[in-house]
>>> print(open('coords_11.cif').read())   # mmCIF, C-alpha atoms
data_input
loop_
_atom_site.label_atom_id
_atom_site.label_comp_id
_atom_site.auth_asym_id
_atom_site.auth_seq_id
_atom_site.Cartn_x
_atom_site.Cartn_y
_atom_site.Cartn_z
CA MET S 1 2.02 -47.27 -179.56
CA LYS S 2 0.65 -43.80 -178.95
CA ILE S 3 -2.17 -42.90 -176.62
CA ILE S 4 -4.33 -40.31 -178.36
CA GLN S 5 -6.98 -39.93 -175.71
CA HIS S 6 -6.71 -41.38 -172.23
CA GLN S 7 -10.38 -41.50 -171.52
CA ASP S 8 -12.70 -41.53 -174.48
CA LYS S 9 -15.74 -42.90 -172.68
CA LEU S 10 -16.63 -44.53 -169.41
CA ILE S 11 -18.05 -48.02 -169.73
CA SER S 12 -20.50 -49.63 -167.35
CA ASN S 13 -20.32 -53.22 -166.21
CA PHE S 14 -23.32 -54.00 -168.39
CA GLU S 15 -21.62 -52.75 -171.55
CA ALA S 16 -18.36 -54.46 -170.62
CA TYR S 17 -20.24 -57.70 -170.15
CA GLN S 18 -21.98 -57.33 -173.51
CA HIS S 19 -18.59 -56.88 -175.12
CA VAL S 20 -17.09 -59.89 -173.36
CA VAL S 21 -20.05 -62.02 -174.39
CA SER S 22 -19.56 -60.99 -178.01
CA ILE S 23 -15.90 -62.07 -177.79
CA GLN S 24 -16.98 -65.41 -176.37
CA LYS S 25 -19.50 -65.90 -179.16
CA LYS S 26 -16.99 -65.01 -181.84
CA ASN S 27 -14.42 -67.49 -180.54
CA ASP S 28 -16.76 -70.31 -179.53
CA TRP S 29 -15.89 -70.00 -175.86
CA GLY S 30 -18.50 -70.78 -173.27
CA PHE S 31 -17.37 -69.36 -169.96
CA THR S 32 -20.59 -67.67 -168.93
CA ILE S 33 -22.82 -68.33 -171.91
CA PRO S 34 -23.92 -71.78 -173.02
CA PRO S 35 -21.04 -73.18 -175.09
CA PRO S 36 -21.67 -73.88 -178.77
CA GLU S 37 -23.01 -77.35 -179.43
CA LYS S 38 -20.52 -78.23 -182.08
CA LYS S 39 -17.01 -76.96 -181.63
CA ARG S 40 -15.17 -76.08 -184.78
CA ARG S 41 -11.96 -78.04 -184.94
CA GLY S 42 -8.54 -76.50 -185.03
CA LYS S 43 -9.75 -73.12 -183.86
CA PHE S 44 -7.37 -72.94 -180.91
CA ASN S 45 -4.84 -70.19 -181.32
CA PRO S 46 -2.13 -70.13 -178.63
CA GLN S 47 -1.46 -66.49 -179.41
CA LEU S 48 -4.93 -65.57 -178.19
CA LEU S 49 -4.34 -67.23 -174.81
CA ASP S 50 -4.15 -63.88 -173.02
CA LEU S 51 -7.44 -62.79 -174.50
CA GLU S 52 -9.01 -66.07 -173.46
CA ILE S 53 -7.76 -65.81 -169.87
CA ILE S 54 -8.92 -62.24 -169.41
CA THR S 55 -12.25 -62.99 -171.06
CA ARG S 56 -12.84 -65.93 -168.76
CA ASP S 57 -11.86 -64.14 -165.56
CA LEU S 58 -13.64 -60.91 -166.39
CA SER S 59 -16.88 -62.55 -167.48
CA GLN S 60 -16.96 -64.74 -164.39
CA TYR S 61 -16.32 -61.74 -162.17
CA LEU S 62 -19.08 -59.72 -163.79
CA VAL S 63 -21.53 -62.60 -163.46
CA LYS S 64 -20.61 -63.03 -159.80
CA VAL S 65 -20.98 -59.34 -159.07
CA ASN S 66 -24.41 -58.74 -160.52
CA GLN S 67 -24.61 -59.17 -164.26
CA THR S 68 -26.66 -62.02 -165.58
CA ASN S 69 -27.32 -63.14 -169.10
CA GLU S 70 -30.92 -62.12 -168.54
CA SER S 71 -30.25 -58.44 -167.84
CA THR S 72 -31.49 -56.64 -170.89
CA GLN S 73 -31.01 -53.34 -172.56
CA GLU S 74 -34.58 -52.37 -171.66
CA SER S 75 -34.03 -52.56 -167.92
CA PHE S 76 -30.73 -50.70 -168.29
CA VAL S 77 -32.29 -47.90 -170.32
CA GLY S 78 -35.32 -47.85 -168.04
CA LEU S 79 -33.28 -47.33 -164.91
CA MET S 80 -31.07 -44.79 -166.66
CA LEU S 81 -34.11 -42.72 -167.65
CA VAL S 82 -35.30 -42.71 -164.05
CA LEU S 83 -31.86 -41.67 -162.79
CA ASN S 84 -31.75 -38.88 -165.37
CA THR S 85 -34.71 -37.22 -163.67
CA TYR S 86 -32.53 -36.67 -160.59
CA GLU S 87 -29.56 -34.36 -160.39
CA ILE S 88 -26.95 -37.07 -160.00
CA GLU S 89 -23.41 -36.80 -161.33
CA VAL S 90 -22.40 -39.04 -164.21
CA ILE S 91 -19.97 -41.14 -162.18
CA GLU S 92 -22.54 -41.56 -159.43
CA LYS S 93 -25.03 -42.84 -162.00
CA LEU S 94 -22.36 -45.19 -163.31
CA MET S 95 -21.73 -46.57 -159.84
CA ILE S 96 -25.46 -47.02 -159.21
CA MET S 97 -25.74 -48.97 -162.46
CA ASN S 98 -22.71 -51.08 -161.55
CA LEU S 99 -23.46 -51.77 -157.90
CA LEU S 100 -27.28 -51.72 -157.89
CA PRO S 101 -27.62 -50.53 -154.27
CA ARG S 102 -30.31 -52.34 -152.29
CA SER S 103 -30.19 -50.36 -149.06
CA LEU S 104 -30.00 -46.71 -148.04
CA VAL S 105 -26.52 -47.16 -146.56
CA ASN S 106 -25.17 -48.37 -149.88
CA LEU S 107 -26.82 -45.51 -151.74
CA TYR S 108 -25.43 -42.97 -149.27
CA ALA S 109 -21.97 -44.41 -149.80
CA ILE S 110 -22.26 -43.97 -153.56
CA ILE S 111 -23.76 -40.48 -153.65
CA GLU S 112 -21.73 -37.78 -152.02
CA GLU S 113 -23.51 -35.65 -149.44
CA CYS S 114 -26.65 -37.54 -150.19
CA GLU S 115 -28.49 -36.24 -147.13
CA ASP S 116 -28.14 -32.61 -148.22
CA ARG S 117 -28.93 -33.15 -151.86
CA PHE S 118 -31.85 -35.54 -151.67
CA THR S 119 -34.71 -36.19 -149.30
CA GLN S 120 -35.23 -39.63 -147.87
CA GLU S 121 -38.29 -40.13 -150.10
CA GLN S 122 -36.21 -39.46 -153.18
CA CYS S 123 -33.58 -41.94 -152.06
CA GLU S 124 -36.18 -44.57 -151.36
CA ASP S 125 -37.68 -43.88 -154.77
CA ILE S 126 -34.27 -44.54 -156.41
CA LEU S 127 -33.92 -47.78 -154.48
CA ALA S 128 -37.45 -48.82 -155.43
CA ASN S 129 -36.63 -48.21 -159.08
CA VAL S 130 -33.42 -50.24 -158.84
CA GLU S 131 -35.49 -53.05 -157.38
CA LYS S 132 -38.14 -52.62 -160.08
CA PHE S 133 -35.77 -52.89 -163.03
CA TYR S 134 -33.32 -55.32 -161.44
CA PRO S 135 -35.21 -57.54 -159.00
CA ALA S 136 -32.83 -58.90 -156.38
CA PRO S 137 -31.97 -62.53 -157.08
CA GLN S 138 -33.21 -64.95 -154.45
CA VAL S 139 -30.01 -66.98 -154.66
CA ASP S 140 -29.34 -67.15 -150.95
CA ASP S 141 -32.71 -68.65 -150.12
CA GLU S 142 -32.50 -71.22 -152.88
CA GLU S 143 -29.02 -72.26 -151.86
CA ALA S 144 -30.07 -72.62 -148.26
CA GLU S 145 -33.02 -74.73 -149.34
CA GLY S 146 -30.80 -76.76 -151.61
CA GLN S 147 -28.49 -77.55 -148.72
CA GLU S 148 -31.40 -78.70 -146.60
CA GLU S 149 -32.61 -80.98 -149.33
CA MET S 150 -29.14 -82.34 -150.00
CA ASP S 151 -29.55 -85.36 -147.78
CA VAL S 152 -32.72 -86.32 -149.57
CA ASP S 153 -31.74 -85.89 -153.20
CA GLU S 154 -28.40 -87.19 -154.31
CA GLU S 155 -28.46 -85.56 -157.70
CA GLU S 156 -28.90 -82.17 -156.18
CA GLN S 157 -25.98 -82.78 -153.91
CA VAL S 158 -23.72 -83.38 -156.88
CA GLU S 159 -24.92 -80.21 -158.55
CA GLU S 160 -24.36 -78.16 -155.44
CA GLU S 161 -20.85 -79.48 -155.05
CA GLU S 162 -20.03 -78.65 -158.62
CA GLU S 163 -21.19 -75.12 -158.12
CA GLU S 164 -19.09 -74.76 -155.02
CA GLU S 165 -16.06 -76.09 -156.80
CA ASP S 166 -16.52 -73.58 -159.57
CA GLU S 167 -16.62 -70.76 -157.07
CA GLU S 168 -13.52 -71.97 -155.33
CA ALA S 169 -11.63 -72.24 -158.55
CA PHE S 170 -12.55 -68.66 -159.28
CA VAL S 171 -11.54 -67.29 -155.93
CA GLN S 172 -8.27 -69.14 -155.64
CA ASP S 173 -7.65 -69.09 -159.34
CA ASP S 174 -5.68 -72.28 -159.49
CA GLY S 175 -7.36 -73.35 -162.68
CA LEU S 176 -5.11 -71.68 -165.17
CA GLU S 177 -4.70 -75.01 -166.90
CA HIS S 178 -7.21 -74.34 -169.57
CA GLU S 179 -9.20 -76.32 -171.99
CA GLY S 180 -7.46 -75.00 -175.07
CA TYR S 181 -4.19 -76.58 -174.03
CA VAL S 182 -5.81 -79.83 -173.12
CA LYS S 183 -7.63 -79.90 -176.42
CA LYS S 184 -4.47 -79.21 -178.32
CA ASN S 185 -2.65 -82.01 -176.54
CA GLN S 186 -5.47 -84.39 -177.28
CA ASP S 187 -5.35 -83.42 -180.92
CA LYS S 188 -1.64 -84.09 -180.95
CA GLU S 189 -2.13 -87.53 -179.51
CA ILE S 190 -4.73 -88.32 -182.12
CA ASP S 191 -2.37 -87.14 -184.84
CA GLU S 192 0.40 -89.34 -183.51
CA VAL S 193 -1.86 -92.34 -183.46
CA ASP S 194 -2.93 -91.62 -187.02
CA SER S 195 0.60 -91.34 -188.30
CA MET C 1 -14.51 -49.33 -163.54
CA PHE C 2 -13.99 -49.61 -167.29
CA GLN C 3 -13.23 -47.04 -169.90
CA LEU C 4 -12.40 -46.74 -173.58
CA SER C 5 -9.07 -45.26 -174.61
CA LEU C 6 -8.19 -44.10 -178.07
CA ILE C 7 -4.78 -45.33 -179.20
CA SER C 8 -2.84 -45.49 -182.42
CA ASP C 9 -0.45 -48.33 -183.08
CA LEU C 10 1.65 -49.84 -185.83
CA ILE C 11 0.61 -53.45 -186.28
CA ARG C 12 2.49 -56.19 -188.11
CA ILE C 13 0.25 -58.59 -190.01
CA PRO C 14 2.17 -61.79 -190.75
CA PRO C 15 1.63 -63.32 -194.21
CA HIS C 16 -0.41 -66.29 -192.98
CA LEU C 17 -3.18 -63.89 -191.96
CA PHE C 18 -3.50 -62.33 -195.40
CA ASN C 19 -6.37 -64.69 -196.23
CA LEU C 20 -8.50 -63.20 -193.44
CA PRO C 21 -10.55 -60.06 -193.98
CA ARG C 22 -8.20 -57.20 -193.11
CA GLU C 23 -10.26 -55.92 -190.17
CA ILE C 24 -10.37 -59.33 -188.46
CA ALA C 25 -6.64 -59.83 -188.91
CA ILE C 26 -5.93 -56.40 -187.42
CA LYS C 27 -8.23 -57.05 -184.48
CA GLN C 28 -6.57 -60.37 -183.80
CA GLU C 29 -3.07 -58.95 -183.87
CA LEU C 30 -4.09 -56.04 -181.62
CA ASN C 31 -5.63 -58.49 -179.15
CA VAL C 32 -2.49 -60.62 -179.17
CA LYS C 33 -0.42 -57.55 -178.43
CA HIS C 34 -2.53 -55.83 -175.78
CA SER C 35 -4.99 -58.24 -174.11
CA ASN C 36 -4.40 -58.88 -170.44
CA LYS C 37 -1.44 -56.51 -170.36
CA ILE C 38 -0.84 -53.35 -168.38
CA ILE C 39 -0.35 -50.20 -170.40
CA PRO C 40 1.78 -47.78 -168.35
CA LYS C 41 -0.08 -44.69 -167.10
CA LEU C 42 -3.31 -46.13 -168.47
CA GLY C 43 -4.48 -49.39 -166.95
CA LEU C 44 -5.14 -53.03 -167.70
CA ALA C 45 -6.07 -53.54 -171.34
CA ILE C 46 -8.83 -56.08 -171.80
CA SER C 47 -9.40 -56.18 -175.52
CA VAL C 48 -9.99 -54.12 -178.64
CA TYR C 49 -13.38 -52.44 -178.47
CA ASP C 50 -13.60 -51.19 -182.04
CA ILE C 51 -11.34 -50.07 -184.86
CA ILE C 52 -11.66 -46.45 -185.90
CA GLU C 53 -9.48 -46.41 -189.00
CA TYR C 54 -6.45 -48.04 -190.59
CA ASP C 55 -4.25 -47.15 -193.54
CA SER C 56 -3.48 -49.30 -196.55
CA GLY C 57 -0.30 -50.74 -195.07
CA LEU C 58 3.34 -50.90 -196.05
CA PHE C 59 5.80 -53.66 -196.82
CA LYS C 60 9.35 -53.47 -195.62
CA PRO C 61 12.22 -54.88 -197.66
CA GLY C 62 13.19 -58.31 -196.46
CA ASP C 63 9.97 -58.94 -194.57
CA GLY C 64 6.87 -60.56 -195.99
CA ALA C 65 4.68 -59.09 -193.32
CA MET C 66 2.54 -56.01 -193.70
CA TYR C 67 2.72 -53.00 -191.41
CA ILE C 68 -0.50 -51.11 -190.84
CA GLN C 69 -1.05 -47.95 -188.81
CA VAL C 70 -4.27 -48.48 -186.85
CA THR C 71 -6.36 -46.16 -184.72
CA CYS C 72 -8.60 -48.08 -182.37
CA ARG C 73 -10.32 -47.99 -179.02
CA LEU C 74 -9.30 -50.38 -176.28
CA LEU C 75 -11.44 -51.50 -173.39
CA ILE C 76 -9.36 -50.64 -170.32
CA PHE C 77 -9.83 -51.61 -166.69
CA LYS C 78 -9.07 -48.45 -164.76
CA PRO C 79 -11.23 -47.59 -161.79
CA PHE C 80 -11.40 -43.89 -161.08
CA ILE C 81 -10.36 -42.47 -157.72
CA GLY C 82 -13.28 -42.71 -155.33
CA GLU C 83 -15.03 -45.50 -157.17
CA ILE C 84 -16.64 -48.25 -155.10
CA ILE C 85 -15.96 -51.79 -156.27
CA THR C 86 -16.98 -55.24 -155.09
CA GLY C 87 -14.28 -57.80 -154.47
CA TRP C 88 -13.27 -60.77 -152.39
CA ILE C 89 -10.69 -60.87 -149.61
CA GLU C 90 -7.76 -62.95 -150.74
CA LYS C 91 -5.36 -62.55 -147.86
CA CYS C 92 -5.28 -60.85 -144.47
CA THR C 93 -1.92 -59.80 -143.13
CA ILE C 94 -0.72 -57.55 -140.33
CA ASP C 95 -0.20 -54.79 -142.90
CA GLY C 96 -3.66 -54.88 -144.37
CA ILE C 97 -5.97 -56.75 -146.67
CA LYS C 98 -5.33 -57.99 -150.18
CA ILE C 99 -8.33 -58.01 -152.49
CA ASN C 100 -9.01 -60.28 -155.42
CA ILE C 101 -11.46 -59.43 -158.18
CA GLY C 102 -10.72 -62.39 -160.40
CA PHE C 103 -9.00 -60.76 -163.34
CA PHE C 104 -6.87 -58.31 -161.36
CA ASN C 105 -5.09 -59.09 -158.10
CA ASP C 106 -3.03 -56.10 -157.08
CA ILE C 107 -5.51 -54.27 -154.88
CA PHE C 108 -4.44 -53.60 -151.33
CA ILE C 109 -6.08 -51.97 -148.32
CA PRO C 110 -3.36 -50.81 -145.91
CA LYS C 111 -4.21 -50.95 -142.23
CA ALA C 112 -4.27 -47.17 -141.98
CA LEU C 113 -7.20 -47.08 -144.39
CA LEU C 114 -9.29 -49.68 -142.56
CA PHE C 115 -12.06 -48.86 -140.10
CA GLU C 116 -11.05 -47.16 -136.90
CA ASN C 117 -10.64 -49.54 -133.97
CA SER C 118 -9.82 -52.48 -136.20
CA SER C 119 -7.16 -54.94 -135.20
CA PHE C 120 -5.54 -57.95 -136.77
CA SER C 121 -5.95 -61.32 -135.14
CA ILE C 122 -3.18 -63.75 -135.94
CA ASP C 123 -5.05 -66.72 -134.51
CA GLU C 124 -8.08 -66.20 -136.67
CA ASN C 125 -6.16 -64.73 -139.59
CA ALA C 126 -8.74 -61.98 -139.95
CA TRP C 127 -9.19 -58.29 -139.35
CA ILE C 128 -11.66 -57.47 -136.63
CA TRP C 129 -13.58 -54.22 -136.50
CA LYS C 130 -14.87 -53.24 -133.09
CA MET C 131 -17.79 -51.10 -134.17
CA ASP C 132 -18.91 -50.38 -130.61
CA ASP C 133 -18.54 -52.09 -127.29
CA ASP C 134 -21.05 -54.79 -128.10
CA THR C 135 -20.45 -55.38 -131.77
CA THR C 136 -17.39 -56.90 -133.36
CA LEU C 137 -17.33 -57.56 -137.08
CA TYR C 138 -14.94 -59.87 -138.88
CA LEU C 139 -13.24 -59.39 -142.23
CA ASP C 140 -12.50 -62.98 -143.15
CA VAL C 141 -10.76 -64.50 -146.14
CA ASN C 142 -13.08 -65.05 -149.13
CA GLU C 143 -15.64 -62.59 -147.79
CA LYS C 144 -17.31 -60.37 -150.39
CA ILE C 145 -16.58 -56.74 -149.60
CA TYR C 146 -17.11 -53.23 -150.89
CA PHE C 147 -14.12 -50.90 -150.99
CA ARG C 148 -13.24 -47.49 -152.35
CA ILE C 149 -10.31 -46.85 -154.68
CA GLU C 150 -7.93 -44.24 -153.26
CA GLU C 151 -4.78 -44.30 -155.32
CA GLU C 152 -3.21 -45.95 -158.32
CA ILE C 153 0.49 -46.73 -158.61
CA PHE C 154 2.30 -47.50 -161.82
CA THR C 155 5.78 -48.98 -161.59
CA ASN C 156 8.21 -49.49 -164.40
CA VAL C 157 8.95 -53.18 -164.43
CA LYS C 158 12.14 -54.18 -166.15
CA PRO C 159 12.08 -57.26 -168.32
CA LYS C 160 13.45 -60.39 -166.74
CA GLY C 161 16.93 -61.40 -167.85
CA PRO C 162 17.80 -64.84 -169.09
CA LEU C 163 17.82 -67.54 -166.46
CA ASN C 164 21.48 -68.29 -165.87
CA ASN C 165 23.16 -69.33 -162.64
CA ASP C 166 23.81 -65.79 -161.43
CA ASN C 167 20.20 -64.82 -161.76
CA ILE C 168 18.98 -67.90 -159.96
CA LYS C 169 21.25 -67.14 -157.02
CA LYS C 170 19.91 -63.63 -156.85
CA ASP C 171 16.37 -64.92 -156.91
CA ASP C 172 17.06 -67.12 -153.91
CA ASP C 173 18.26 -64.14 -151.92
CA GLY C 174 15.46 -61.87 -152.90
CA GLN C 175 12.63 -64.32 -152.52
CA GLN C 176 11.31 -62.59 -149.42
CA LYS C 177 10.41 -59.35 -151.09
CA GLU C 178 7.58 -59.63 -153.53
CA GLN C 179 8.02 -58.18 -156.97
CA THR C 180 6.30 -54.85 -157.31
CA PRO C 181 3.38 -55.12 -159.72
CA PRO C 182 3.33 -52.77 -162.72
CA TYR C 183 -0.10 -51.48 -161.79
CA ALA C 184 -1.35 -51.52 -158.21
CA LEU C 185 -4.39 -50.01 -156.59
CA ILE C 186 -4.62 -48.74 -153.02
CA ALA C 187 -8.11 -48.93 -151.60
CA SER C 188 -9.82 -47.85 -148.40
CA CYS C 189 -12.51 -49.33 -146.24
CA GLN C 190 -13.45 -46.93 -143.47
CA THR C 191 -16.81 -45.30 -144.15
CA ASP C 192 -20.38 -46.51 -143.82
CA GLY C 193 -21.40 -48.83 -146.59
CA MET C 194 -17.92 -50.26 -147.02
CA GLY C 195 -16.75 -53.63 -145.77
CA CYS C 196 -18.59 -56.92 -145.99
CA CYS C 197 -21.63 -56.77 -148.25
CA SER C 198 -23.64 -58.76 -145.73
CA TRP C 199 -23.25 -56.12 -143.00
CA TRP C 200 -25.30 -53.55 -144.80
CA GLU C 201 -28.20 -55.57 -146.13
#
>>> encode(input="coords_11.cif", output="structure tokens")
Amino acid sequence: MKIIQHQDKLISNFEAYQHVVSIQKKNDWGFTIPPPEKKRRGKFNPQLLDLEIITRDLSQYLVKVNQTNESTQESFVGLMLVLNTYEIEVIEKLMIMNLLPRSLVNLYAIIEECEDRFTQEQCEDILANVEKFYPAPQVDDEEAEGQEEMDVDEEEQVEEEEEEEDEEAFVQDDGLEHEGYVKKNQDKEIDEVDS
Amino acid sequence: MFQLSLISDLIRIPPHLFNLPREIAIKQELNVKHSNKIIPKLGLAISVYDIIEYDSGLFKPGDGAMYIQVTCRLLIFKPFIGEIITGWIEKCTIDGIKINIGFFNDIFIPKALLFENSSFSIDENAWIWKMDDDTTLYLDVNEKIYFRIEEEIFTNVKPKGPLNNDNIKKDDDGQQKEQTPPYALIASCQTDGMGCCSWWE
């Protein structure tokens, strides 16, 4: 293998997520997108295990950080056009797109010497535009409400628990046992029974 | 955090993939070879992004497989120095904090690069930042934090030998020291805006 060019282009989280979603679609995996209704049989390829693991972990990370399946190209382009009107360096723009700062402190951390280069109004304008194109999700409130209602509604309780379990599995990453293997083993058993 | 790198590689297409369209077979073999692997001096390869060009391929005597020279772009995880990333605290030790971002685990914040006036509490298993006399902030396990990449370290990792009795004995002795990862990142957490996400909202 020969590396021709170390850095051809920088890629934002949004583009990386689009790419990962396309891999999932191509292989009928449903880690962060709704899984296909009918799974094609015999598609599991043990050689592609590495690709599957990295796709799963990366897509789940990107979803947890800020990407959602709803974020569209329009909002991305829209925010980019606004940022282009300011004199911000490319990597600073990239970090704004990736991190979506919601407060002045976060913006100051991203942009070097922000106080000298921009007035406070300009900074607040950038933040307002981030908020406009990517409205902050109200997850925290909903979760808090959900926990209050837990005692009342049993179904909701189950859902909440499932969500929590998913998060734990991601953080601790114990769940390397993955469905492809299980599926293959099941197939084997069926074959044995048949024969 | 991500970038595209242009590489050229000689790929072996085994005969059972000849029925696939050539481009799909090449992509699959490239993914098998590079996905989820560290490329020295480059970063963590995630997958093939696109194929630029490939030649018509060659057969070698005695081998039914086809060898194709491919030029393609790989999607690489390689944060640049100074980049701010979101992650989760995996482990707090006396030496610093280990960060987990799901698909990559070798990110470490040494204690020298933490906030001034921070100390490690063994009882609580957390790093505590005394911001001023009245305020103390905790960096707990599983907390979501912002951190800045300071340095990247590539190590040449030798392949593991076969597992015979000698090797097993050696492993028992050397269990204390952790194996150095092929690609590690050193991060810092000492300016405003870094640390727990919830502090700055």
>>> closest_residue(input="coords_11.cif", among="S:Pro135, S:Gly78, S:Gly30, S:Pro46", to="chain C", atoms="all atoms listed in the file")
S:Pro46
>>> resolve_selection(input="coords_11.cif", expression="the PyMOL selection byres ((chain C) within 8 of (chain S))", output="PyMOL selection string")
chain C and resi 1-10+28+31-32+35-36+42+46-47+49+83-86+88+90+100-103+142+191-194+200-201
>>> atom_distance(input="coords_11.cif", atom1="CA of Asn117 in chain C", atom2="CA of Met131 in chain C")
7.3 Å
>>> residues_near_point(input="coords_11.cif", point="(-22.2, -67.2, -171.9)", cutoff="9 Å", atoms="all atoms listed in the file", output="mmCIF file with C-alpha atoms, in the coordinates of the input")
data_model
loop_
_atom_site.group_PDB
_atom_site.id
_atom_site.type_symbol
_atom_site.label_atom_id
_atom_site.label_comp_id
_atom_site.auth_asym_id
_atom_site.auth_seq_id
_atom_site.Cartn_x
_atom_site.Cartn_y
_atom_site.Cartn_z
ATOM 1 C CA VAL S 21 -20.050 -62.020 -174.390
ATOM 2 C CA GLN S 24 -16.980 -65.410 -176.370
ATOM 3 C CA LYS S 25 -19.500 -65.900 -179.160
ATOM 4 C CA TRP S 29 -15.890 -70.000 -175.860
ATOM 5 C CA GLY S 30 -18.500 -70.780 -173.270
ATOM 6 C CA PHE S 31 -17.370 -69.360 -169.960
ATOM 7 C CA THR S 32 -20.590 -67.670 -168.930
ATOM 8 C CA ILE S 33 -22.820 -68.330 -171.910
ATOM 9 C CA PRO S 34 -23.920 -71.780 -173.020
ATOM 10 C CA PRO S 35 -21.040 -73.180 -175.090
ATOM 11 C CA SER S 59 -16.880 -62.550 -167.480
ATOM 12 C CA ASN S 69 -27.320 -63.140 -169.100
#
>>> atom_distance(input="coords_11.cif", atom1="CA of Tyr146 in chain C", atom2="CA of Gly82 in chain C")
12.0 Å
>>> resolve_selection(input="coords_11.cif", expression="the PyMOL selection byres ((chain C and resi 65-74) around 7)", output="number ranges by chain")
C: 4-15, 45, 47-59, 63-64, 75-76
>>> atom_distance(input="coords_11.cif", atom1="CA of Pro110 in chain C", atom2="CA of Ser188 in chain C")
7.5 Å
>>> axis_aligned_box(input="coords_11.cif", around="range 186-201 of chain C", padding_each_side="8 Å", output="JSON")
{"center_x": -16.4, "center_y": -52.0, "center_z": -148.0, "size_x": 39.6, "size_y": 29.5, "size_z": 26.0}
>>> resolve_selection(input="coords_11.cif", expression="the PyMOL selection byres ((chain C and resi 124-129) around 10)", output="PyMOL selection string")
chain C and resi 89+91-94+96-97+111+114-123+130-132+135-141+195
>>> closest_residue(input="coords_11.cif", among="S:Ser71, S:Ala136, S:Cys114, S:Ile126", to="Thr85 in chain S", atoms="only C-alpha atoms")
S:Ile126
>>> closest_residue(input="coords_11.cif", among="C:Asp95, C:Glu29, C:Lys144, C:Lys60", to="Leu17 in chain C", atoms="all atoms listed in the file")
C:Glu29
>>> residues_near_point(input="coords_11.cif", point="(-31.2, -37.4, -161.7)", cutoff="12 Å", atoms="all atoms listed in the file", output="list in words")
Leu79, Met80, Leu81, Val82, Leu83, Asn84, Thr85, Tyr86, Glu87, Ile88, Glu89, Val90, Ile91, Glu92, Lys93, Leu94, Ile96, Ile111, Arg117, Phe118, Gln122, Cys123, Asp125 and Ile126 of chain S
>>> decode(input="coords_11.cif", residues="range 78-82 of chain S", atoms="all heavy atoms", output="JSON list (two decimals), in the first residue's frame")
[["chain", "number", "residue", "atom", "x", "y", "z"],
["S", 78, "GLY", "N", -27.15, 25.90, 4.57],
["S", 78, "GLY", "CA", -27.61, 27.19, 5.08],
["S", 78, "GLY", "C", -26.65, 27.77, 6.10],
["S", 78, "GLY", "O", -26.23, 28.93, 6.01],
["S", 79, "LEU", "N", -26.27, 26.94, 7.06],
["S", 79, "LEU", "CA", -25.37, 27.42, 8.11],
["S", 79, "LEU", "C", -23.98, 27.72, 7.53],
["S", 79, "LEU", "O", -23.33, 28.70, 7.90],
["S", 79, "LEU", "CB", -25.26, 26.37, 9.22],
["S", 79, "LEU", "CG", -24.43, 26.74, 10.45],
["S", 79, "LEU", "CD1", -24.86, 28.09, 11.01],
["S", 79, "LEU", "CD2", -24.56, 25.69, 11.52],
["S", 80, "MET", "N", -23.56, 26.90, 6.59],
["S", 80, "MET", "CA", -22.26, 27.14, 5.94],
["S", 80, "MET", "C", -22.24, 28.50, 5.26],
["S", 80, "MET", "O", -21.27, 29.25, 5.36],
["S", 80, "MET", "CB", -22.03, 26.05, 4.89],
["S", 80, "MET", "CG", -20.90, 25.07, 5.12],
["S", 80, "MET", "SD", -19.74, 25.39, 6.36],
["S", 80, "MET", "CE", -18.28, 25.47, 5.37],
["S", 81, "LEU", "N", -23.33, 28.83, 4.55],
["S", 81, "LEU", "CA", -23.39, 30.11, 3.83],
["S", 81, "LEU", "C", -23.30, 31.27, 4.81],
["S", 81, "LEU", "O", -22.64, 32.28, 4.54],
["S", 81, "LEU", "CB", -24.67, 30.21, 3.00],
["S", 81, "LEU", "CG", -24.71, 29.30, 1.77],
["S", 81, "LEU", "CD1", -26.07, 29.37, 1.10],
["S", 81, "LEU", "CD2", -23.61, 29.69, 0.78],
["S", 82, "VAL", "N", -23.96, 31.12, 5.96],
["S", 82, "VAL", "CA", -23.88, 32.18, 6.97],
["S", 82, "VAL", "C", -22.45, 32.31, 7.47],
["S", 82, "VAL", "O", -21.90, 33.41, 7.58],
["S", 82, "VAL", "CB", -24.84, 31.88, 8.14],
["S", 82, "VAL", "CG1", -24.62, 32.87, 9.26],
["S", 82, "VAL", "CG2", -26.27, 31.93, 7.66]]
